[in-house]
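Below: protein.cif (mmCIF, C-alpha atoms and all ligand atoms)
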data_structure
#
loop_
_atom_site.label_atom_id
_atom_site.label_comp_id
_atom_site.auth_asym_id
_atom_site.auth_seq_id
_atom_site.Cartn_x
_atom_site.Cartn_y
_atom_site.Cartn_z
CA MET A 1 65.18 68.51 147.90
CA PRO A 2 67.06 65.44 146.80
CA LEU A 3 67.75 62.40 148.90
CA THR A 4 71.12 60.73 148.72
CA VAL A 5 71.86 57.17 149.75
CA TYR A 6 75.41 56.51 150.97
CA ILE A 7 76.95 53.07 151.15
CA LEU A 8 78.55 53.27 154.59
CA GLY A 9 79.98 49.77 154.43
CA SER A 10 80.27 47.34 151.51
CA GLY A 11 81.83 44.47 153.46
CA GLN A 12 80.16 41.37 154.82
CA ASP A 13 79.49 41.39 158.59
CA GLY A 14 83.18 41.04 159.53
CA GLY A 15 84.38 43.63 156.99
CA LEU A 16 87.78 43.76 155.34
CA PRO A 17 90.20 43.27 157.00
CA GLN A 18 88.42 40.58 158.93
CA PHE A 19 89.48 40.20 162.56
CA GLY A 20 91.80 37.24 163.08
CA SER A 21 92.46 36.59 159.40
CA ARG A 22 95.87 36.63 157.81
CA MET A 23 94.78 36.14 154.24
CA ALA A 24 96.65 38.31 151.75
CA ALA A 25 93.63 40.58 151.17
CA ASP A 26 93.29 41.20 154.92
CA MET A 27 97.00 41.91 155.38
CA HIS A 28 96.83 44.33 152.46
CA ALA A 29 93.77 46.14 153.84
CA ARG A 30 95.58 46.62 157.16
CA VAL A 31 98.10 48.89 155.44
CA ASP A 32 96.01 50.36 152.61
CA PRO A 33 92.98 52.40 153.78
CA LEU A 34 91.56 52.35 150.24
CA ALA A 35 91.19 48.56 150.46
CA VAL A 36 89.19 48.67 153.70
CA ARG A 37 85.51 47.68 153.56
CA LEU A 38 83.42 48.36 156.63
CA GLY A 39 80.45 46.40 157.94
CA PRO A 40 77.22 46.42 155.90
CA SER A 41 75.16 49.59 156.23
CA ILE A 42 73.60 52.36 154.17
CA CYS A 43 71.99 55.66 155.09
CA VAL A 44 69.61 58.11 153.43
CA LEU A 45 70.49 61.78 153.87
CA ASP A 46 68.56 64.89 152.86
CA ASP A 47 69.87 68.41 152.34
CA ASP A 48 68.74 69.45 155.82
CA GLY A 49 71.01 66.85 157.38
CA ARG A 50 68.26 64.48 158.34
CA CYS A 51 69.58 60.98 158.13
CA PHE A 52 67.98 57.53 158.32
CA LEU A 53 70.26 54.55 158.88
CA VAL A 54 69.74 51.00 157.62
CA ASP A 55 71.59 48.59 159.92
CA VAL A 56 74.07 49.49 162.63
CA SER A 57 77.35 47.74 161.91
CA PRO A 58 80.15 47.24 164.45
CA ASP A 59 82.01 49.91 162.42
CA ILE A 60 79.44 52.63 163.16
CA LYS A 61 82.05 54.91 164.80
CA GLU A 62 84.19 54.96 161.67
CA GLN A 63 81.08 55.33 159.53
CA GLU A 64 80.09 58.41 161.53
CA ASN A 65 83.58 59.83 160.92
CA ARG A 66 83.12 59.39 157.20
CA LEU A 67 79.64 60.92 157.26
CA LEU A 68 80.94 63.99 159.05
CA ALA A 69 82.91 64.78 155.89
CA VAL A 70 79.57 65.20 154.06
CA PRO A 71 78.51 68.85 154.56
CA ALA A 72 74.77 68.12 154.85
CA TYR A 73 75.39 65.57 157.60
CA ALA A 74 77.93 67.77 159.37
CA ARG A 75 75.28 70.52 159.59
CA ARG A 76 72.64 68.27 161.13
CA ALA A 77 70.98 69.37 164.35
CA GLY A 78 69.38 67.28 167.07
CA VAL A 79 70.61 65.19 169.94
CA ASN A 80 70.82 61.86 168.13
CA PRO A 81 73.34 60.99 165.42
CA PHE A 82 70.47 59.70 163.24
CA ASP A 83 66.75 60.39 162.94
CA GLY A 84 65.80 56.75 162.71
CA VAL A 85 67.14 53.28 162.07
CA LEU A 86 65.92 50.11 160.39
CA LEU A 87 67.45 46.80 161.46
CA THR A 88 67.26 44.01 158.87
CA HIS A 89 68.19 41.11 161.19
CA ALA A 90 70.22 40.05 164.20
CA HIS A 91 73.49 38.91 162.63
CA MET A 92 76.40 40.77 164.17
CA GLY A 93 77.25 42.97 161.21
CA HIS A 94 73.77 44.43 161.07
CA TYR A 95 72.93 45.49 164.61
CA ALA A 96 75.84 45.04 167.03
CA GLY A 97 76.88 48.70 166.63
CA LEU A 98 73.81 49.52 168.74
CA VAL A 99 76.07 49.16 171.79
CA HIS A 100 77.19 52.74 171.04
CA PHE A 101 73.64 54.10 171.28
CA GLY A 102 73.34 53.65 175.05
CA ARG A 103 74.35 55.72 178.05
CA GLU A 104 78.06 54.89 177.89
CA ALA A 105 78.31 56.60 174.51
CA ALA A 106 75.80 58.50 172.32
CA ASN A 107 73.06 58.25 174.97
CA CYS A 108 70.39 58.58 172.28
CA ARG A 109 66.96 59.83 173.30
CA GLY A 110 63.94 57.98 171.91
CA LEU A 111 65.65 57.05 168.65
CA PRO A 112 63.05 55.24 166.49
CA VAL A 113 64.32 51.76 165.61
CA TYR A 114 62.17 49.95 163.04
CA CYS A 115 62.31 46.17 162.92
CA THR A 116 60.19 43.04 162.72
CA GLU A 117 58.29 41.75 165.74
CA LYS A 118 60.80 38.93 166.20
CA MET A 119 63.71 41.37 166.12
CA ALA A 120 61.91 43.67 168.59
CA SER A 121 61.28 40.75 170.98
CA PHE A 122 64.91 39.69 170.67
CA LEU A 123 66.18 43.18 171.54
CA ALA A 124 63.69 43.69 174.37
CA ALA A 125 64.52 40.33 175.99
CA ASN A 126 68.31 40.19 175.82
CA ALA A 127 71.17 42.12 177.44
CA PRO A 128 72.69 44.49 176.59
CA TRP A 129 70.01 45.60 174.11
CA GLU A 130 67.12 45.49 176.59
CA GLN A 131 68.76 48.30 178.54
CA LEU A 132 68.56 50.58 175.49
CA VAL A 133 64.83 49.95 175.44
CA LYS A 134 64.35 50.39 179.20
CA LEU A 135 66.35 53.61 179.35
CA GLU A 136 64.49 54.86 176.28
CA ASN A 137 67.64 55.38 174.26
CA ILE A 138 65.78 53.61 171.49
CA GLU A 139 62.09 53.21 170.78
CA LEU A 140 61.15 50.01 168.96
CA ARG A 141 58.68 50.46 166.12
CA SER A 142 57.02 47.99 163.81
CA VAL A 143 58.12 47.87 160.19
CA GLY A 144 54.45 48.02 159.32
CA ALA A 145 51.34 45.92 158.73
CA THR A 146 52.29 42.27 158.86
CA LEU A 147 55.28 40.81 157.17
CA ALA A 148 52.97 38.73 155.01
CA SER A 149 51.59 41.94 153.49
CA PRO A 150 54.13 44.65 154.26
CA ALA A 151 53.07 48.26 153.97
CA SER A 152 55.17 51.36 153.50
CA VAL A 153 55.93 53.29 156.68
CA THR A 154 56.82 56.97 156.72
CA VAL A 155 60.03 57.24 158.70
CA LEU A 156 60.95 60.85 157.92
CA PRO A 157 58.22 63.38 157.24
CA ARG A 158 59.74 66.22 155.24
CA ALA A 159 58.91 69.88 154.93
CA GLY A 160 57.28 71.74 152.04
CA GLN A 161 57.09 69.98 148.72
CA ALA A 162 59.68 67.35 149.59
CA PRO A 163 58.23 63.83 149.56
CA PRO A 164 58.47 61.94 152.84
CA LEU A 165 60.99 59.17 153.27
CA GLN A 166 59.16 55.87 153.28
CA ILE A 167 60.43 52.36 153.80
CA ARG A 168 58.82 49.04 152.96
CA ALA A 169 60.31 46.05 154.73
CA ILE A 170 60.41 42.94 152.56
CA PRO A 171 60.77 39.51 154.19
CA VAL A 172 63.54 37.43 152.64
CA PRO A 173 64.75 33.90 153.41
CA HIS A 174 68.00 33.99 155.40
CA ARG A 175 69.60 31.85 158.09
CA GLY A 176 67.28 32.72 160.99
CA GLU A 177 69.12 31.86 164.19
CA TYR A 178 67.68 34.67 166.30
CA THR A 179 65.25 36.61 164.13
CA ASP A 180 63.71 36.75 160.70
CA THR A 181 65.31 38.92 157.99
CA VAL A 182 64.04 41.72 155.82
CA GLY A 183 65.30 43.65 152.83
CA VAL A 184 64.05 47.20 152.36
CA SER A 185 62.59 49.37 149.64
CA ILE A 186 63.33 53.08 150.03
CA ASN A 187 60.61 55.22 148.47
CA GLU A 188 60.03 52.35 146.02
CA LYS A 189 63.14 53.55 144.19
CA LEU A 190 66.02 51.74 145.86
CA LEU A 191 65.99 48.10 146.96
CA TYR A 192 68.54 46.92 149.57
CA VAL A 193 68.91 43.19 150.20
CA PRO A 194 72.26 42.67 151.95
CA ASP A 195 71.60 39.07 153.05
CA ILE A 196 69.58 36.32 151.41
CA ASP A 197 70.04 32.53 151.28
CA ASN A 198 69.56 32.37 147.52
CA TRP A 199 67.45 34.10 144.90
CA ASP A 200 65.40 31.01 144.01
CA ALA A 201 64.17 30.75 147.62
CA TRP A 202 62.59 34.23 147.29
CA PRO A 203 59.64 34.00 144.89
CA ALA A 204 59.33 37.81 144.55
CA ALA A 205 63.01 38.30 143.64
CA ARG A 206 62.64 39.26 139.99
CA GLU A 207 59.43 41.22 140.56
CA GLU A 208 61.05 43.33 143.29
CA VAL A 209 64.25 43.95 141.34
CA ALA A 210 62.20 44.98 138.29
CA LYS A 211 60.21 47.49 140.38
CA HIS A 212 63.25 49.49 141.50
CA GLU A 213 65.57 51.95 139.76
CA VAL A 214 68.54 50.96 141.91
CA CYS A 215 69.11 47.57 143.58
CA LEU A 216 71.83 46.87 146.14
CA LEU A 217 72.14 43.11 146.37
CA ASP A 218 73.90 40.45 148.44
CA ALA A 219 77.18 39.53 146.73
CA THR A 220 78.97 37.90 149.66
CA PHE A 221 80.84 35.28 147.62
CA TYR A 222 81.94 35.29 143.99
CA SER A 223 81.80 31.58 143.24
CA ARG A 224 82.01 28.09 144.67
CA GLU A 225 85.81 28.09 144.21
CA GLU A 226 86.04 30.55 147.07
CA LEU A 227 84.86 27.93 149.56
CA PRO A 228 86.87 24.76 149.05
CA GLY A 229 85.71 21.90 151.24
CA ARG A 230 82.60 23.72 152.53
CA ASP A 231 79.16 22.11 152.38
CA LEU A 232 77.23 24.41 150.03
CA ARG A 233 74.05 23.82 152.05
CA GLU A 234 75.67 25.76 154.90
CA ILE A 235 76.25 28.81 152.70
CA SER A 236 73.37 31.22 153.18
CA HIS A 237 74.18 33.52 150.24
CA PRO A 238 73.90 33.41 146.46
CA PHE A 239 77.14 33.43 144.47
CA ILE A 240 77.79 36.43 142.23
CA THR A 241 77.90 34.06 139.27
CA ASP A 242 74.31 33.03 140.12
CA THR A 243 73.23 36.65 140.53
CA LEU A 244 74.58 37.63 137.10
CA ALA A 245 72.64 34.75 135.55
CA LYS A 246 69.43 35.51 137.46
CA PHE A 247 69.26 39.27 136.84
CA GLY A 248 71.44 39.79 133.75
CA ASP A 249 68.50 40.97 131.63
CA LEU A 250 67.20 43.30 134.38
CA ALA A 251 70.61 44.98 134.71
CA LYS A 252 69.97 46.72 131.39
CA GLY A 253 67.15 49.00 132.58
CA ARG A 254 68.40 49.84 136.08
CA ARG A 255 71.46 50.05 138.30
CA ILE A 256 72.21 46.76 140.04
CA ILE A 257 75.00 47.34 142.54
CA LEU A 258 76.55 44.34 144.29
CA THR A 259 77.58 44.66 147.93
CA HIS A 260 78.17 42.80 151.27
CA PHE A 261 81.48 41.30 150.07
CA ASN A 262 83.19 38.64 152.16
CA HIS A 263 86.90 39.34 152.75
CA SER A 264 87.70 36.38 150.49
CA ASN A 265 85.73 37.77 147.53
CA PRO A 266 88.05 38.57 144.61
CA VAL A 267 85.84 41.50 143.51
CA CYS A 268 87.03 43.41 146.59
CA ASP A 269 90.01 44.18 144.33
CA PRO A 270 88.55 46.39 141.60
CA GLY A 271 91.39 45.40 139.26
CA SER A 272 90.67 41.66 139.47
CA LYS A 273 89.38 39.74 136.46
CA GLU A 274 86.30 38.82 138.49
CA ALA A 275 85.51 42.51 139.14
CA ARG A 276 85.91 43.27 135.46
CA SER A 277 83.58 40.41 134.51
CA VAL A 278 80.87 41.81 136.82
CA GLN A 279 81.17 45.21 135.17
CA ALA A 280 81.19 43.69 131.69
CA ALA A 281 77.85 42.05 132.53
CA GLY A 282 76.37 45.51 133.23
CA PHE A 283 76.45 45.33 137.04
CA GLU A 284 78.23 47.70 139.43
CA LEU A 285 80.33 46.96 142.49
CA ALA A 286 79.67 48.90 145.69
CA GLN A 287 82.43 51.15 146.91
CA GLU A 288 82.80 52.71 150.33
CA MET A 289 80.83 55.98 150.63
CA MET A 290 79.40 55.57 147.13
CA ALA A 291 76.65 58.19 146.82
CA ILE A 292 73.43 57.38 144.98
CA ALA A 293 71.00 60.22 144.24
CA LEU A 294 67.34 59.23 144.50
ZN ZN B 301 75.31 40.19 156.71
ZN ZN B 302 72.96 37.64 157.94
#

Re-express the file's structure as structure tokens.
Amino acid sequence: MPLTVYILGSGQDGGLPQFGSRMAADMHARVDPLAVRLGPSICVLDDDGRCFLVDVSPDIKEQENRLLAVPAYARRAGVNPFDGVLLTHAHMGHYAGLVHFGREAANCRGLPVYCTEKMASFLAANAPWEQLVKLENIELRSVGATLASPASVTVLPRAGQAPPLQIRAIPVPHRGEYTDTVGVSINEKLLYVPDIDNWDAWPAAREEVAKHEVCLLDATFYSREELPGRDLREISHPFITDTLAKFGDLAKGRRIILTHFNHSNPVCDPGSKEARSVQAAGFELAQEMMAIAL
């Protein structure tokens, strides 16, 4: 049975509209639901409704609403809204939605949450997350082996001939205030790297992209012009212009889909000249609830 990956949110951590902002793009997204981009997250769904989530954004409630429109997800059984979760790192867009997993809301039971040791220590030591661990709403599990030599972990055994769902966490350099950061390979077919400081700081970047049929990559900002007056050393993301240069040749043999857009990114408007230039270079732009068959 096929697996389908859904892009549950193609925005950067704060999404679009971004709270507190009155930029034109944010004001537009407040009145046009088609312009909204939720916090960064994807899930993998099988035909039996089993669903594995990568990152829990602050928009998880709206993302569940959207998933319920997918028949396979709507049919799912079980007490928890997901069968397992991977957390890539502790920036707010990637894990803060966990507040809904505790006893005031979903009251999950033993939900497996895969993460690095640093992320697990962070969750187990700090309120309100430590309560989820103590009350056994979530069960912290290692992403496998050591991060220096990551192994694949089976996160969803599947019945009959269907191959299991496996993840391989891949350490990537990214502003590490609280935890380290990982990207993830799903069944060695899809690579998801929503946050990375820059491609040159990750020696395995081209090798990993070349290994996968579909790559979903950090595209927070389009170019330097988007950040007038900002010290570029503070920007912990590659620019899309850099990404097109780095992986332009690899975009020919595979799907490279850009995601994690900041609210200021001109490609959020699919009619913009910047969006058209990305497509002309052979790359795709993530859209909300885009479905990718694996
Ligand atoms: Zn992020
Ligand atoms: Zn981040």

Report as a compact mmCIF listing (two decimals) with C-alpha atoms, in the coordinates of the input which protein, DNA and RNA residues come within 7 Å of ligand ZN 302 (chain B), using only C-alpha atoms and all ligand atoms.
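File pocket.txt, as written:
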# COMPACT_ATOMS: atom_id res chain seq x y z
CA HIS A 89 68.19 41.11 161.19
CA HIS A 91 73.49 38.91 162.63
CA HIS A 174 68.00 33.99 155.40
CA ARG A 175 69.60 31.85 158.09
CA ASP A 195 71.60 39.07 153.05

Open item on the list: I'd like the neighbourhood of Thr4 (chain A) as a ChimeraX atom specification, where a residue qualifies if any of its atoms comes within 12 Å (using only C-alpha atoms), though same-chain residues fewer than 2 positions away should be ignored.
Closed with: /A:1-2,6-7,42-53,70,72-73,165,186-187,189-190,289-294

Write out, as a PDB file, in the frame of the given file, the residues just selected, with C-alpha atoms.
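File again02.pdb, as written:
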ATOM      1  CA  MET A   1      65.180  68.510 147.900  1.00  0.00           C
ATOM      2  CA  PRO A   2      67.060  65.440 146.800  1.00  0.00           C
ATOM      3  CA  TYR A   6      75.410  56.510 150.970  1.00  0.00           C
ATOM      4  CA  ILE A   7      76.950  53.070 151.150  1.00  0.00           C
ATOM      5  CA  ILE A  42      73.600  52.360 154.170  1.00  0.00           C
ATOM      6  CA  CYS A  43      71.990  55.660 155.090  1.00  0.00           C
ATOM      7  CA  VAL A  44      69.610  58.110 153.430  1.00  0.00           C
ATOM      8  CA  LEU A  45      70.490  61.780 153.870  1.00  0.00           C
ATOM      9  CA  ASP A  46      68.560  64.890 152.860  1.00  0.00           C
ATOM     10  CA  ASP A  47      69.870  68.410 152.340  1.00  0.00           C
ATOM     11  CA  ASP A  48      68.740  69.450 155.820  1.00  0.00           C
ATOM     12  CA  GLY A  49      71.010  66.850 157.380  1.00  0.00           C
ATOM     13  CA  ARG A  50      68.260  64.480 158.340  1.00  0.00           C
ATOM     14  CA  CYS A  51      69.580  60.980 158.130  1.00  0.00           C
ATOM     15  CA  PHE A  52      67.980  57.530 158.320  1.00  0.00           C
ATOM     16  CA  LEU A  53      70.260  54.550 158.880  1.00  0.00           C
ATOM     17  CA  VAL A  70      79.570  65.200 154.060  1.00  0.00           C
ATOM     18  CA  ALA A  72      74.770  68.120 154.850  1.00  0.00           C
ATOM     19  CA  TYR A  73      75.390  65.570 157.600  1.00  0.00           C
ATOM     20  CA  LEU A 165      60.990  59.170 153.270  1.00  0.00           C
ATOM     21  CA  ILE A 186      63.330  53.080 150.030  1.00  0.00           C
ATOM     22  CA  ASN A 187      60.610  55.220 148.470  1.00  0.00           C
ATOM     23  CA  LYS A 189      63.140  53.550 144.190  1.00  0.00           C
ATOM     24  CA  LEU A 190      66.020  51.740 145.860  1.00  0.00           C
ATOM     25  CA  MET A 289      80.830  55.980 150.630  1.00  0.00           C
ATOM     26  CA  MET A 290      79.400  55.570 147.130  1.00  0.00           C
ATOM     27  CA  ALA A 291      76.650  58.190 146.820  1.00  0.00           C
ATOM     28  CA  ILE A 292      73.430  57.380 144.980  1.00  0.00           C
ATOM     29  CA  ALA A 293      71.000  60.220 144.240  1.00  0.00           C
ATOM     30  CA  LEU A 294      67.340  59.230 144.500  1.00  0.00           C
TER      31      LEU A 294
END

- [ ] Would you mind listing what lies within 12 Å of Met27 (chain A) as a PyMOL selection string, with only C-alpha atoms counted and same-chain residues fewer than 3 positions away left out?
- [x] chain A and resi 16-24+30-33+35-36+263-264

Open item on the list: Here is a test: counting only C-alpha atoms, which residue of A:Lys61, A:Arg254, A:Arg158, A:Arg37 is nearest to Ala96 (chain A)?
Closed with: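 Among the listed residues, the smallest separation from Ala96 (chain A) belongs to A:Lys61.
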
Task: Option closest in space to Leu250 (chain A), from A:Ala210, A:Ala127, A:Ser223, A:Leu232 [counting all atoms listed in the file] - done: A:Ala210

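Neighbours of ligand ZN 301 (chain B) at a cut-off of 8 Å, computed so that all atoms listed in the file are counted, are the residues Gln12, Asp13, Pro40, His91, Met92, Gly93, His94, Pro194, Asp195 and His260 of chain A.
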
Task: Contacts of Ala280 (chain A) at 12 Å (all atoms listed in the file; same-chain gap of 4+ positions) as a list of chain:residue names - done: A:Leu244, A:Gly248, A:Ala251, A:Lys252, A:Lys273, A:Glu274, A:Ala275, A:Arg276, A:Glu284, A:Leu285

Task: Pick from A:Arg230, A:Ala286, A:Glu188, A:Asp269 nearest to Ala29 (chain A), counting all atoms listed in the file - done: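 Of A:Arg230, A:Ala286, A:Glu188, A:Asp269, the one nearest Ala29 (chain A) is A:Asp269, counting all atoms listed in the file.
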
Can you pull out every residue within 10 Å of Asp200 (chain A), counting only C-alpha atoms, but drop anything in the same chain fewer than 5 positions away, and send it as a short mmCIF file (atom, residue, chain, number, x, y, z; two decimals) with C-alpha atoms, in the coordinates of the input?
data_model
loop_
_atom_site.label_atom_id
_atom_site.label_comp_id
_atom_site.auth_asym_id
_atom_site.auth_seq_id
_atom_site.Cartn_x
_atom_site.Cartn_y
_atom_site.Cartn_z
CA PRO A 173 64.75 33.90 153.41
CA ALA A 205 63.01 38.30 143.64
CA ARG A 206 62.64 39.26 139.99
CA PRO A 238 73.90 33.41 146.46
CA ASP A 242 74.31 33.03 140.12
CA LYS A 246 69.43 35.51 137.46
#

- [ ] Quick one: pull the distance between CA of Cys108 (chain A) and CA of Thr88 (chain A), Å, one decimal.
- [x] 20.0 Å

Task: d(CA of Trp199 (chain A), CA of Gly144 (chain A)) in Å - done: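 Interatomic distance, CA of Trp199 (chain A) to CA of Gly144 (chain A): 23.9 Å.
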
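Of the residues under consideration (A:Leu111, A:Leu216, A:Leu38, A:Ala25), A:Leu216 shows the shortest atom-to-atom contact distance to Thr243 (chain A) when counting all atoms listed in the file.
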
Open item on the list: Need the shell around Ala106 (chain A): protein/DNA/RNA residues with any atom at most 9 Å away, counting only C-alpha atoms. Skip same-chain ones fewer than 5 positions apart. Format as a list of chain:residue names?
Closed with: A:Val79, A:Asn80, A:Pro81, A:His100, A:Phe101, A:Asn137

Open item on the list: Under the rule that all atoms listed in the file are counted, which of A:Ile138, A:Ile167, A:Leu98, A:Val182 is the nearest residue to Lys118 (chain A)?
Closed with: A:Val182

TODO: Would you mind reading off the distance between CA of Glu225 (chain A) and CA of Val193 (chain A), one decimal, in Å?
DONE: 23.4 Å

Task: Option closest in space to Ile256 (chain A), from A:Ala281, A:Cys215, A:Val133, A:Val172 [counting all atoms listed in the file] - done: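 Using all atoms listed in the file, Ile256 (chain A) sits closest to A:Cys215.
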
Please rebuild region 209-218 of chain A with all heavy atoms and return the result as a CSV table (one decimal), in the frame of the given file.
chain,number,residue,atom,x,y,z
A,209,VAL,N,63.1,43.3,142.0
A,209,VAL,CA,64.2,44.0,141.3
A,209,VAL,C,63.7,44.8,140.2
A,209,VAL,O,64.1,45.9,140.0
A,209,VAL,CB,65.3,42.9,140.9
A,209,VAL,CG1,66.3,43.5,139.9
A,209,VAL,CG2,66.0,42.3,142.1
A,210,ALA,N,62.7,44.3,139.5
A,210,ALA,CA,62.2,45.0,138.3
A,210,ALA,C,61.5,46.3,138.7
A,210,ALA,O,61.3,47.2,137.9
A,210,ALA,CB,61.3,44.1,137.5
A,211,LYS,N,61.0,46.3,139.9
A,211,LYS,CA,60.2,47.5,140.4
A,211,LYS,C,61.1,48.7,140.7
A,211,LYS,O,60.6,49.8,140.9
A,211,LYS,CB,59.5,47.1,141.7
A,211,LYS,CG,58.0,46.8,141.6
A,211,LYS,CD,57.5,46.7,143.1
A,211,LYS,CE,56.5,45.5,143.1
A,211,LYS,NZ,56.2,45.2,144.5
A,212,HIS,N,62.4,48.4,140.9
A,212,HIS,CA,63.2,49.5,141.5
A,212,HIS,C,64.2,50.0,140.5
A,212,HIS,O,64.7,49.3,139.6
A,212,HIS,CB,64.0,48.9,142.7
A,212,HIS,CG,63.1,48.7,143.9
A,212,HIS,ND1,62.3,47.6,144.1
A,212,HIS,CD2,62.7,49.5,144.9
A,212,HIS,CE1,61.6,47.7,145.1
A,212,HIS,NE2,61.8,48.8,145.7
A,213,GLU,N,64.6,51.3,140.6
A,213,GLU,CA,65.6,52.0,139.8
A,213,GLU,C,67.0,51.5,140.1
A,213,GLU,O,67.9,51.5,139.3
A,213,GLU,CB,65.5,53.5,139.9
A,213,GLU,CG,64.2,54.1,139.4
A,213,GLU,CD,64.0,55.5,139.8
A,213,GLU,OE1,65.0,56.2,140.2
A,213,GLU,OE2,62.9,56.0,139.8
A,214,VAL,N,67.2,51.3,141.4
A,214,VAL,CA,68.5,51.0,141.9
A,214,VAL,C,68.4,49.8,142.9
A,214,VAL,O,67.5,49.8,143.7
A,214,VAL,CB,69.2,52.1,142.7
A,214,VAL,CG1,70.6,51.8,143.1
A,214,VAL,CG2,69.2,53.4,141.9
A,215,CYS,N,69.2,48.7,142.7
A,215,CYS,CA,69.1,47.6,143.6
A,215,CYS,C,70.5,47.3,144.1
A,215,CYS,O,71.5,47.2,143.4
A,215,CYS,CB,68.6,46.3,142.8
A,215,CYS,SG,67.0,46.6,142.1
A,216,LEU,N,70.6,47.2,145.5
A,216,LEU,CA,71.8,46.9,146.1
A,216,LEU,C,71.7,45.5,146.7
A,216,LEU,O,70.8,45.2,147.6
A,216,LEU,CB,72.1,47.8,147.3
A,216,LEU,CG,72.3,49.3,147.0
A,216,LEU,CD1,72.4,50.1,148.3
A,216,LEU,CD2,73.6,49.4,146.3
A,217,LEU,N,72.4,44.5,146.1
A,217,LEU,CA,72.1,43.1,146.4
A,217,LEU,C,73.3,42.4,147.0
A,217,LEU,O,74.5,42.7,146.7
A,217,LEU,CB,71.8,42.4,145.1
A,217,LEU,CG,70.6,43.0,144.3
A,217,LEU,CD1,70.3,42.2,143.0
A,217,LEU,CD2,69.3,43.1,145.2
A,218,ASP,N,72.9,41.4,147.8
A,218,ASP,CA,73.9,40.4,148.4
A,218,ASP,C,74.9,39.8,147.4
A,218,ASP,O,74.4,39.2,146.5
A,218,ASP,CB,73.1,39.3,149.1
A,218,ASP,CG,74.0,38.3,149.9
A,218,ASP,OD1,75.2,38.3,149.7
A,218,ASP,OD2,73.4,37.5,150.6
